[in-house]
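Note sheet for the following structure.
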2 protein chains.
Amino acid sequence: MQAEGSGLPAHELVYRRLRDKILFGELEPGQPVTIQGLTEQLQVGMTPVREALRRLTAAGALDFQGNRRIIVPVLDAAAIDELTIARVALEPQLARRAAQRCDAAGIARLGATDARLDGAIARGDVRGYLVENHQFHAELNAIAGAPILTDLVEGLWLRFGPSLRVVCGQFGTRNLPDQHKAILAALGARDADAAAAAMRADVEQGMTQITEGLA
Amino acid sequence: MQAEGSGLPAHELVYRRLRDKILFGELEPGQPVTIQGLTEQLQVGMTPVREALRRLTAAGALDFQGNRRIIVPVLDAAAIDELTIARVALEPQLARRAAQRCDAAGIARLGATDARLDGAIARGDVRGYLVENHQFHAELNAIAGAPILTDLVEGLWLRFGPSLRVVCGQFGTRNLPDQHKAILAALGARDADAAAAAMRADVEQGMTQITEGLA
DNA sequence: CCCCGACGAATTTGATCATATTCTGAAATC
DNA sequence: GATTTCAGAATATGATCAAATTCGTCGGGG
C-alpha cells in the first residue's frame, strides 16, 4: 500500500493528478467532470474526489455550472483578456524578484529545463512542451521566493491550461516562440528590469497565441 | 428545514459562513479550526465542512499545517509585502474598468455604502466598518465586470481579513483614513486614471496600517 | 403516413450522513 | 529523559436520499 503515494493523503493525490491533467491538456474545454467517473478511474472513494474538485473549482480550474455539474472551463475573449491582464501584472514581478535572488545553480537548472523544452519542440511532443514550459516558469517562481504571488499565478495557469492545449494541438509545436533565452540572459546578468520585460513579452506572446488559436 | 439556506447546498452555506467569519474578524490569526468543532457548531455533517475547508485552504484563507491541522494564517512581513504587491497590481485596474463602465445607479449605491461606512466609523463599530468597507470594494469590483480579476482580489482579502481585524481592534475606528471619496469623485467624472490612482492610494494606506499594527 | 414536440419514467449523478480506520500528539510510566 | 500507551481528531468508505438529465413514448400536426 506504500508503493502508491508514499504517505500523502488520497485527496492530495487526486488533486495533483487532476491538476496535471488540466495543466497538460488531458482534459478538453467543455468536457464534463463527474465525481463517480473519477472514483472508478482513480480507484478511490468519493470523499477525496469531492475535496479535490472543490479545491480546483475554488481556483477556477474547473467550472461549477449553476446546477450541480462540473465542466472544464471554456474561455471566451473576455476571460482571455482578464487572464492576460493578471499575468502581465504578476509574472514580470516574479521574474524581477528571481533576477535579484537567483544563484548559479538555479540558473543552471532553468537552462537544463529550457533545453528539454527545446527538445520537446523539436520532437513535435506537445505534452512534453507543456510540461517543460510549465516547469520552467515554476522553477523561476520558486527562485523568486514569493509563495503567495506564485500561488496566484499557478491558479491562472490552471485556468488557461486546457485551452492552451487545444491551440497547441492545432498548430503542433511549430510557431511556439518564447522569451526563455532572453529571460535566462537577464537572470545571468542579474538585470531585474530586463527579466521583467522579457517575461512580459513571453506572457503576451503566449496569450496572443491562445486568442488567435481560439478565434 | 427550508428556513435556512433556501435551496443552497450545505457545503456552500458552510463556506459562506466561514468566509464571512474570516473577512469580518470573527476568527483570530493562529486560531486552530477543527472539523469536528464546526460540525457541532453548525449542525451539519463533516463532509460539507471538509469541502468548505478545502476551498478556503486552496484560496489561502486558511493554513494547512503539514500535519493535519488547520489554523487561521498568521501573516509575517513578507506575506504582507506580497499581498500589497498583488493588491496594487490588481485593484487599481478594477477601479479603472469600473470608471469606464459605471452608471449613475451604481455610483449611487456606492455612495450609500460609503455613507454607512462613515456611520460605522462614527459609532466606533469595528465589525460594521469591516463589513461596509468590504461591501464598497465588492460593489466596485462588480461594476468593473471582470469576474476573474475580482475572484483573485477576493482571495487576497480573505488572506488579510483576520489580521486587519486585529489591527482595527487595537486602534478602534479612529485613524481609519480611506480614499473612497476620491474614488467616488473619479467614478463620477469617468476619470479612469484618477480612479486607479485613488484606489492605489487606498490599498497602500490599508496595507500600511496592517504592517504598522502588527509590528 | 411520417415527423416534430412535449410529457413522463428510469437511470445517472450529486449531496449528505454515519461509521470504521489510521495517524498524530500528549500523557504517564519506567 | 526516553519509550509506550491512550485519547482524540482527521481520513476514507459505503450507503442512502434527492435532484436532474436523458431517453422513450405518446399525441398532435403537417
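For the C-alpha cells, the naming scheme is as follows: chains receive sequential letters (A, B, ...) according to their order of presentation, residues are indexed from 1 within each chain, and ligands are indexed from 1 in presentation order.
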### Task
Do me a favour and pick out the residues of chain B within 12 Å of chain D, using only C-alpha atoms (C1' of nucleotides), as a list in words.
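Residues satisfying the distance criterion: Gly7, Pro9, Val33, Thr34, Ile35, Gln36, Gly37, Met46, Thr47, Arg50, Asn67, Arg68, Arg69 and Ile70 of chain B.
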#### Entry: Contact residues (chain B, partner chain A, 8 Å, only C-alpha atoms) as a ChimeraX atom specification
/B:47,50-52,54-55,58-59,79,82-83,86,89-90,146,148-149,152
### Task
Please provide as a list in words all residues within 12 Å of Ala142 (chain B), with the sequence filter that same-chain residues fewer than 6 positions apart are discarded (counting only C-alpha atoms (C1' of nucleotides)).
Leu94, Ala95, Arg97, Ala98, Ala99, Arg101, Cys102, Gly106, Ile107, Arg109, Leu110, Gln135, Phe136, Ile148, Leu149, Thr150, Asp151, Val153 and Glu154 of chain B
Write the selection just made, keeping N, CA and C atoms, as a CSV table (one decimal), in the first residue's frame?
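File produced: selection-v4.csv:
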chain,number,residue,atom,x,y,z
B,94,LEU,N,-9.1,47.2,-11.6
B,94,LEU,CA,-10.5,47.1,-11.5
B,94,LEU,C,-11.2,48.4,-11.3
B,95,ALA,N,-10.5,49.3,-10.6
B,95,ALA,CA,-11.1,50.7,-10.4
B,95,ALA,C,-11.1,51.4,-11.8
B,97,ARG,N,-11.4,50.0,-14.8
B,97,ARG,CA,-12.6,49.4,-15.6
B,97,ARG,C,-13.9,49.9,-15.0
B,98,ALA,N,-14.0,50.0,-13.7
B,98,ALA,CA,-15.3,50.5,-13.1
B,98,ALA,C,-15.5,51.9,-13.6
B,99,ALA,N,-14.5,52.7,-13.6
B,99,ALA,CA,-14.7,54.1,-14.1
B,99,ALA,C,-15.2,54.2,-15.5
B,101,ARG,N,-17.1,51.9,-16.9
B,101,ARG,CA,-18.4,51.2,-17.1
B,101,ARG,C,-19.5,51.6,-16.2
B,102,CYS,N,-19.2,52.4,-15.2
B,102,CYS,CA,-20.2,52.7,-14.2
B,102,CYS,C,-21.3,53.6,-14.7
B,106,GLY,N,-25.1,52.8,-10.1
B,106,GLY,CA,-24.0,52.1,-9.4
B,106,GLY,C,-23.3,53.1,-8.5
B,107,ILE,N,-23.1,54.3,-9.0
B,107,ILE,CA,-22.4,55.3,-8.2
B,107,ILE,C,-23.2,55.6,-7.0
B,109,ARG,N,-25.3,53.6,-5.4
B,109,ARG,CA,-25.2,52.5,-4.4
B,109,ARG,C,-23.9,52.6,-3.7
B,110,LEU,N,-22.8,52.9,-4.4
B,110,LEU,CA,-21.5,53.0,-3.8
B,110,LEU,C,-21.5,54.1,-2.8
B,135,GLN,N,-17.9,45.7,1.5
B,135,GLN,CA,-19.0,45.9,0.6
B,135,GLN,C,-18.7,46.9,-0.5
B,136,PHE,N,-18.1,48.0,-0.1
B,136,PHE,CA,-17.7,49.1,-1.0
B,136,PHE,C,-16.9,48.5,-2.1
B,148,ILE,N,-12.8,37.2,-13.2
B,148,ILE,CA,-11.6,36.6,-12.8
B,148,ILE,C,-10.7,37.4,-11.9
B,149,LEU,N,-10.6,38.7,-12.3
B,149,LEU,CA,-9.8,39.6,-11.5
B,149,LEU,C,-10.4,39.8,-10.1
B,150,THR,N,-11.8,39.9,-10.1
B,150,THR,CA,-12.5,40.0,-8.9
B,150,THR,C,-12.3,38.8,-8.0
B,151,ASP,N,-12.3,37.6,-8.5
B,151,ASP,CA,-12.0,36.4,-7.8
B,151,ASP,C,-10.6,36.5,-7.1
B,153,VAL,N,-8.9,39.1,-6.4
B,153,VAL,CA,-8.8,40.1,-5.3
B,153,VAL,C,-9.6,39.6,-4.1
B,154,GLU,N,-10.7,39.0,-4.3
B,154,GLU,CA,-11.4,38.4,-3.1
B,154,GLU,C,-10.6,37.5,-2.3
### Query
Which residues come within 10 Å of His134 (chain B), counting only C-alpha atoms (C1' of nucleotides), excluding same-chain residues fewer than 2 positions away, as a ChimeraX atom specification?
/B:23-24,113,117,128-132,136-140,154,157,161
### Task
Provide as a count of residues only the residues of chain C at most 10 Å from chain B, counting only C-alpha atoms (C1' of nucleotides).
6
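Using only C-alpha atoms (C1' of nucleotides), the residues found no farther than 8 Å from Asp178 (chain B), other than those of its own chain fewer than 6 positions away, are Asp202, Gln205 and Gly206 of chain B.
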### Query
When DSSP works through the backbone of this structure, what residues of region 15-187 of chain B end up as alpha helix (DSSP H), shown as a count of residues only?
127
### Task
Return the single residue from A:Ala201, A:Leu214, A:Ala144, A:Leu184 that is closest to Thr84 (chain A), with distances computed using only C-alpha atoms.
A:Ala201
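In this model, the gap between CA of Leu164 (chain B) and CA of Asp114 (chain B) comes to 18.6 Å.
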### Task
Determine, counting only C-alpha atoms (C1' of nucleotides), which protein, DNA and RNA residues have an atom within 8 Å of an atom of Glu91 (chain A); residues of the same chain fewer than 4 positions away are not included. Present the result as number ranges by chain.
A: 87, 95, 153, 196, 199-200, 203
Could you give me the residues within chain B that DSSP places in strand (DSSP E), as a CSV table (one decimal) with C-alpha atoms, in the first residue's frame?
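Done, and the output landed in part_13.csv:
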chain,number,residue,atom,x,y,z
B,32,PRO,CA,-7.0,26.4,15.2
B,33,VAL,CA,-10.0,25.3,13.1
B,63,ASP,CA,-3.4,27.5,6.6
B,64,PHE,CA,-2.9,23.7,6.3
B,65,GLN,CA,-0.2,22.9,8.7
B,69,ARG,CA,-4.1,20.6,11.5
B,70,ILE,CA,-5.7,23.8,10.1
B,71,ILE,CA,-5.2,27.2,11.5
